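Data from input12.tsv: TSV, C-alpha atoms
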```tsv
chain	number	residue	atom	x	y	z
A	1	MET	CA	94.86	110.32	110.84
A	2	SER	CA	94.27	113.22	113.16
A	3	GLU	CA	95.73	113.09	116.64
A	4	ARG	CA	93.43	113.35	119.63
A	5	PRO	CA	93.94	112.83	123.35
A	6	ALA	CA	93.06	109.35	124.61
A	7	SER	CA	90.27	108.82	127.09
A	8	ALA	CA	90.40	106.10	129.74
A	9	HIS	CA	88.80	103.67	127.31
A	10	GLU	CA	90.97	104.31	124.28
A	11	THR	CA	93.53	101.57	124.63
A	12	ILE	CA	95.21	99.31	122.12
A	13	VAL	CA	96.08	95.87	123.48
A	14	VAL	CA	98.98	94.09	121.80
A	15	GLY	CA	99.87	90.47	122.49
A	16	VAL	CA	103.59	89.91	122.99
A	17	ASP	CA	105.93	86.96	123.26
A	18	THR	CA	109.49	86.59	121.99
A	19	SER	CA	108.66	85.76	118.36
A	20	PRO	CA	109.69	88.06	115.48
A	21	GLU	CA	105.99	88.32	114.58
A	22	SER	CA	105.16	89.58	118.06
A	23	ILE	CA	107.94	92.16	117.86
A	24	ALA	CA	106.55	93.37	114.51
A	25	ALA	CA	103.05	93.60	116.04
A	26	LEU	CA	104.38	95.59	119.00
A	27	ARG	CA	106.11	98.09	116.72
A	28	TRP	CA	103.02	98.41	114.51
A	29	ALA	CA	100.72	98.92	117.50
A	30	ALA	CA	103.09	101.51	119.01
A	31	ARG	CA	103.06	103.51	115.77
A	32	LEU	CA	99.26	103.35	115.65
A	33	ALA	CA	98.96	104.48	119.28
A	34	SER	CA	101.33	107.36	118.57
A	35	HIS	CA	99.19	108.51	115.64
A	36	THR	CA	95.85	108.20	117.45
A	37	GLY	CA	96.92	109.33	120.92
A	38	GLU	CA	95.69	106.09	122.43
A	39	LYS	CA	97.36	104.17	125.23
A	40	LEU	CA	99.30	101.01	124.39
A	41	LEU	CA	99.14	97.98	126.66
A	42	ALA	CA	101.48	95.08	125.86
A	43	VAL	CA	100.14	91.82	127.30
A	44	HIS	CA	101.98	88.54	127.65
A	45	ALA	CA	99.85	85.47	128.40
A	46	GLU	CA	101.86	83.26	130.71
A	47	GLY	CA	101.16	79.57	130.26
A	48	LEU	CA	101.75	76.37	132.15
A	49	LEU	CA	105.22	75.84	130.69
A	50	GLU	CA	106.43	79.16	132.12
A	51	GLU	CA	104.66	78.68	135.45
A	52	GLY	CA	106.31	75.27	135.77
A	53	ALA	CA	109.72	76.70	134.81
A	54	TYR	CA	109.91	74.46	131.71
A	55	VAL	CA	110.58	77.51	129.56
A	56	PRO	CA	112.05	80.84	130.65
A	57	ARG	CA	109.67	83.56	131.76
A	58	VAL	CA	109.40	86.56	129.48
A	59	ASP	CA	110.59	89.87	130.92
A	60	VAL	CA	107.83	91.90	129.28
A	61	VAL	CA	109.04	95.27	130.56
A	62	LYS	CA	112.49	94.67	129.06
A	63	LEU	CA	111.03	93.22	125.85
A	64	VAL	CA	108.87	96.32	125.31
A	65	ALA	CA	111.67	98.74	126.25
A	66	ASP	CA	114.22	97.03	123.99
A	67	THR	CA	111.79	96.75	121.07
A	68	LEU	CA	110.63	100.35	121.20
A	69	ALA	CA	114.01	101.93	122.04
A	70	GLY	CA	114.81	104.61	119.51
A	71	GLU	CA	111.26	104.70	118.14
A	72	PRO	CA	109.80	108.22	117.96
A	73	LEU	CA	106.77	107.41	120.14
A	74	ARG	CA	104.24	109.73	121.66
A	75	ALA	CA	102.10	107.00	123.19
A	76	SER	CA	101.70	106.05	126.81
A	77	THR	CA	102.99	102.48	126.99
A	78	SER	CA	102.57	99.90	129.73
A	79	SER	CA	102.83	96.14	129.99
A	80	MET	CA	101.48	93.25	132.00
A	81	ILE	CA	101.66	89.49	132.39
A	82	GLU	CA	98.41	87.56	132.83
A	83	PRO	CA	98.03	83.83	133.29
A	84	GLY	CA	96.15	81.75	130.77
A	85	ASN	CA	95.57	80.84	127.18
A	86	PRO	CA	96.70	83.68	124.89
A	87	CYS	CA	93.35	84.21	123.15
A	88	GLU	CA	91.31	84.08	126.36
A	89	THR	CA	93.82	86.33	128.12
A	90	LEU	CA	93.89	89.00	125.42
A	91	LEU	CA	90.08	89.04	125.18
A	92	ARG	CA	89.73	89.26	128.96
A	93	VAL	CA	92.27	92.07	129.31
A	94	ALA	CA	90.81	93.99	126.35
A	95	GLU	CA	87.34	93.82	127.90
A	96	ARG	CA	88.59	94.79	131.36
A	97	MET	CA	90.53	97.76	129.96
A	98	GLY	CA	87.78	98.87	127.59
A	99	ALA	CA	90.19	98.48	124.67
A	100	ARG	CA	89.04	99.38	121.19
A	101	HIS	CA	91.60	97.31	119.28
A	102	ILE	CA	93.73	94.16	119.66
A	103	VAL	CA	96.97	93.65	117.69
A	104	VAL	CA	98.88	90.36	117.38
A	105	GLY	CA	101.53	88.81	115.19
A	106	HIS	CA	100.38	86.34	112.55
A	107	ARG	CA	101.95	83.54	114.57
A	108	GLY	CA	103.75	83.25	117.89
A	109	VAL	CA	106.41	81.08	119.44
A	110	GLY	CA	104.36	77.90	119.04
A	111	SER	CA	104.78	75.72	116.00
A	112	THR	CA	102.03	75.24	113.46
A	113	GLU	CA	101.70	74.00	109.90
A	114	SER	CA	99.31	76.84	109.15
A	115	ASP	CA	100.35	80.25	107.84
A	116	ILE	CA	98.36	81.88	110.65
A	117	GLY	CA	98.74	80.89	114.27
A	118	SER	CA	95.96	79.59	116.49
A	119	THR	CA	95.87	82.71	118.68
A	120	ALA	CA	95.48	85.10	115.75
A	121	LEU	CA	92.83	82.88	114.17
A	122	ALA	CA	90.87	82.52	117.42
A	123	LEU	CA	90.99	86.27	118.09
A	124	VAL	CA	89.73	87.13	114.61
A	125	SER	CA	86.91	84.61	115.09
A	126	ARG	CA	85.88	85.57	118.63
A	127	SER	CA	86.67	89.23	119.27
A	128	THR	CA	83.90	91.82	119.30
A	129	ILE	CA	86.43	94.61	118.68
A	130	PRO	CA	88.76	95.00	115.70
A	131	VAL	CA	91.79	92.72	115.54
A	132	THR	CA	94.84	93.48	113.42
A	133	VAL	CA	97.13	90.58	112.52
A	134	VAL	CA	100.64	91.77	111.65
A	135	ARG	CA	103.10	89.82	109.52
A	136	SER	CA	106.77	89.94	110.33
A	137	PRO	CA	109.03	91.30	107.60
A	138	ASP	CA	111.37	88.33	108.24
```
For this file, write the structure as C-alpha cells.
Amino acid sequence: MSERPASAHETIVVGVDTSPESIAALRWAARLASHTGEKLLAVHAEGLLEEGAYVPRVDVVKLVADTLAGEPLRASTSSMIEPGNPCETLLRVAERMGARHIVVGHRGVGSTESDIGSTALALVSRSTIPVTVVRSPD
C-alpha cells in the first residue's frame, strides 16, 4: 500500500468496547490507518445499561490509549461515545464523518451462540461502505 495524506473524508471508524475482539479490531484498524494515512475514529456505542449505571461506563480515551501504547502509529486517532444501538450508532457516525471503512470485532461483550456477533452481522448486511470483521487471536 502506498501512503497518502488523508482528506477530511478519509476516516476509518472502528467500534470499540472492552472485549478482546474489539481490542484486536482497534489494533488492526490503527495499523491500516497508519499505512493509508487515514484518520482513525474509535466509537463506543453507549447503551441503556451504561446510561442506567447497571454496567460501568467505558473510558474510551483510556481504552484507546492503553491499547495503542507502544504501537508504531502514524495515524491521527480520536475517540467518541455516542448513545444507541451499536450497529445504528456506527452507521450514523460513519455517514456523518464521511468514513470510507468500518472495522469491528467478530463479536463484542454481549453473549451469543453464534460465531459472529449481532453487530458485526448487521453491519455487514446494512453498510454501504466496506466493513472489516476482525477475529481476536485469543
Each residue of segment 14-53 of chain A lying at most 9 Å from segment 67-74 of chain A should get a row with its shortest atom-to-atom pair and the distance in Å to one decimal, counting all atoms listed in the file; could you produce that, ordered by chain and increasing number, as a Markdown table?
```
| residue | atom | partner | partner_atom | distance |
| --- | --- | --- | --- | --- |
| A:Ile23 | CA | A:Thr67 | CA | 6.8 |
| A:Leu26 | CA | A:Thr67 | CA | 7.8 |
| A:Arg27 | CA | A:Leu68 | CA | 6.8 |
| A:Ala30 | CA | A:Leu73 | CA | 7.0 |
| A:Arg31 | CA | A:Leu73 | CA | 6.9 |
| A:Ala33 | CA | A:Arg74 | CA | 7.8 |
| A:Ser34 | CA | A:Arg74 | CA | 4.9 |
| A:His35 | CA | A:Arg74 | CA | 8.0 |
| A:Gly37 | CA | A:Arg74 | CA | 7.4 |
```
Query raised in the report: Interatomic distance between atom CA of Val43 of chain A and atom CA of Met80 of chain A?
Result: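 Interatomic distance here is 5.1 Å.
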Query raised in the report: How many Å lie between atom CA of Ser127 of chain A and atom CA of Leu63 of chain A, rounded to one decimal?
Result: 25.5 Å
Requested in this report: Figure out the distance between atom CA of Val124 of chain A and atom CA of Arg100 of chain A, please, to one decimal in Å.
Outcome: 13.9 Å
Query raised in the report: Neighbours of Gly15 of chain A within 8 Å (only C-alpha atoms; same-chain residues fewer than 4 positions away dropped), as a ChimeraX atom specification?
Result: /A:22,25-26,42-45,86,90,102-105
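Considering the residues A:Thr11, A:Ser118, A:Ser19, A:Asn85 and counting only C-alpha atoms, Ser136 of chain A has its shortest atom-to-atom contact with A:Ser19.
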Query - Ref. answer, residues at most 7 Å from (106.7, 94.3, 125.8) with only C-alpha atoms, as a ChimeraX atom specification - result: /A:16,42,60-65,79
Query - Residue nearest Arg57 of chain A - candidates A:Thr132, A:Thr18, A:Ser76, A:Thr119, atoms counted: only C-alpha atoms - result: A:Thr18
Report task. In the coordinates of the file, take the point (101.7, 103.5, 133.4) and a cut-off of 10 Å; then, counting all atoms listed in the file, name each qualifying protein, DNA or RNA residue as a PyMOL selection string. Result -> chain A and resi 39-41+76-79
Selection to disk with C-alpha atoms, as a compact mmCIF listing (two decimals), in the coordinates of the input:
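Writing done, so here's result.txt:
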```txt
# COMPACT_ATOMS: atom_id res chain seq x y z
CA LYS A 39 97.36 104.17 125.23
CA LEU A 40 99.30 101.01 124.39
CA LEU A 41 99.14 97.98 126.66
CA SER A 76 101.70 106.05 126.81
CA THR A 77 102.99 102.48 126.99
CA SER A 78 102.57 99.90 129.73
CA SER A 79 102.83 96.14 129.99
```
Requested in this report: Choose the residue, out of A:Glu46, A:Glu95, A:Glu38, A:Glu82, that has the smallest atom-to-atom separation from Thr128 of chain A; count only C-alpha atoms.
Outcome: A:Glu95
Query - Which residue of A:Ala75, A:Cys87, A:Val14, A:Ala94 approaches Ala120 of chain A most closely, using all atoms listed in the file - result: A:Cys87
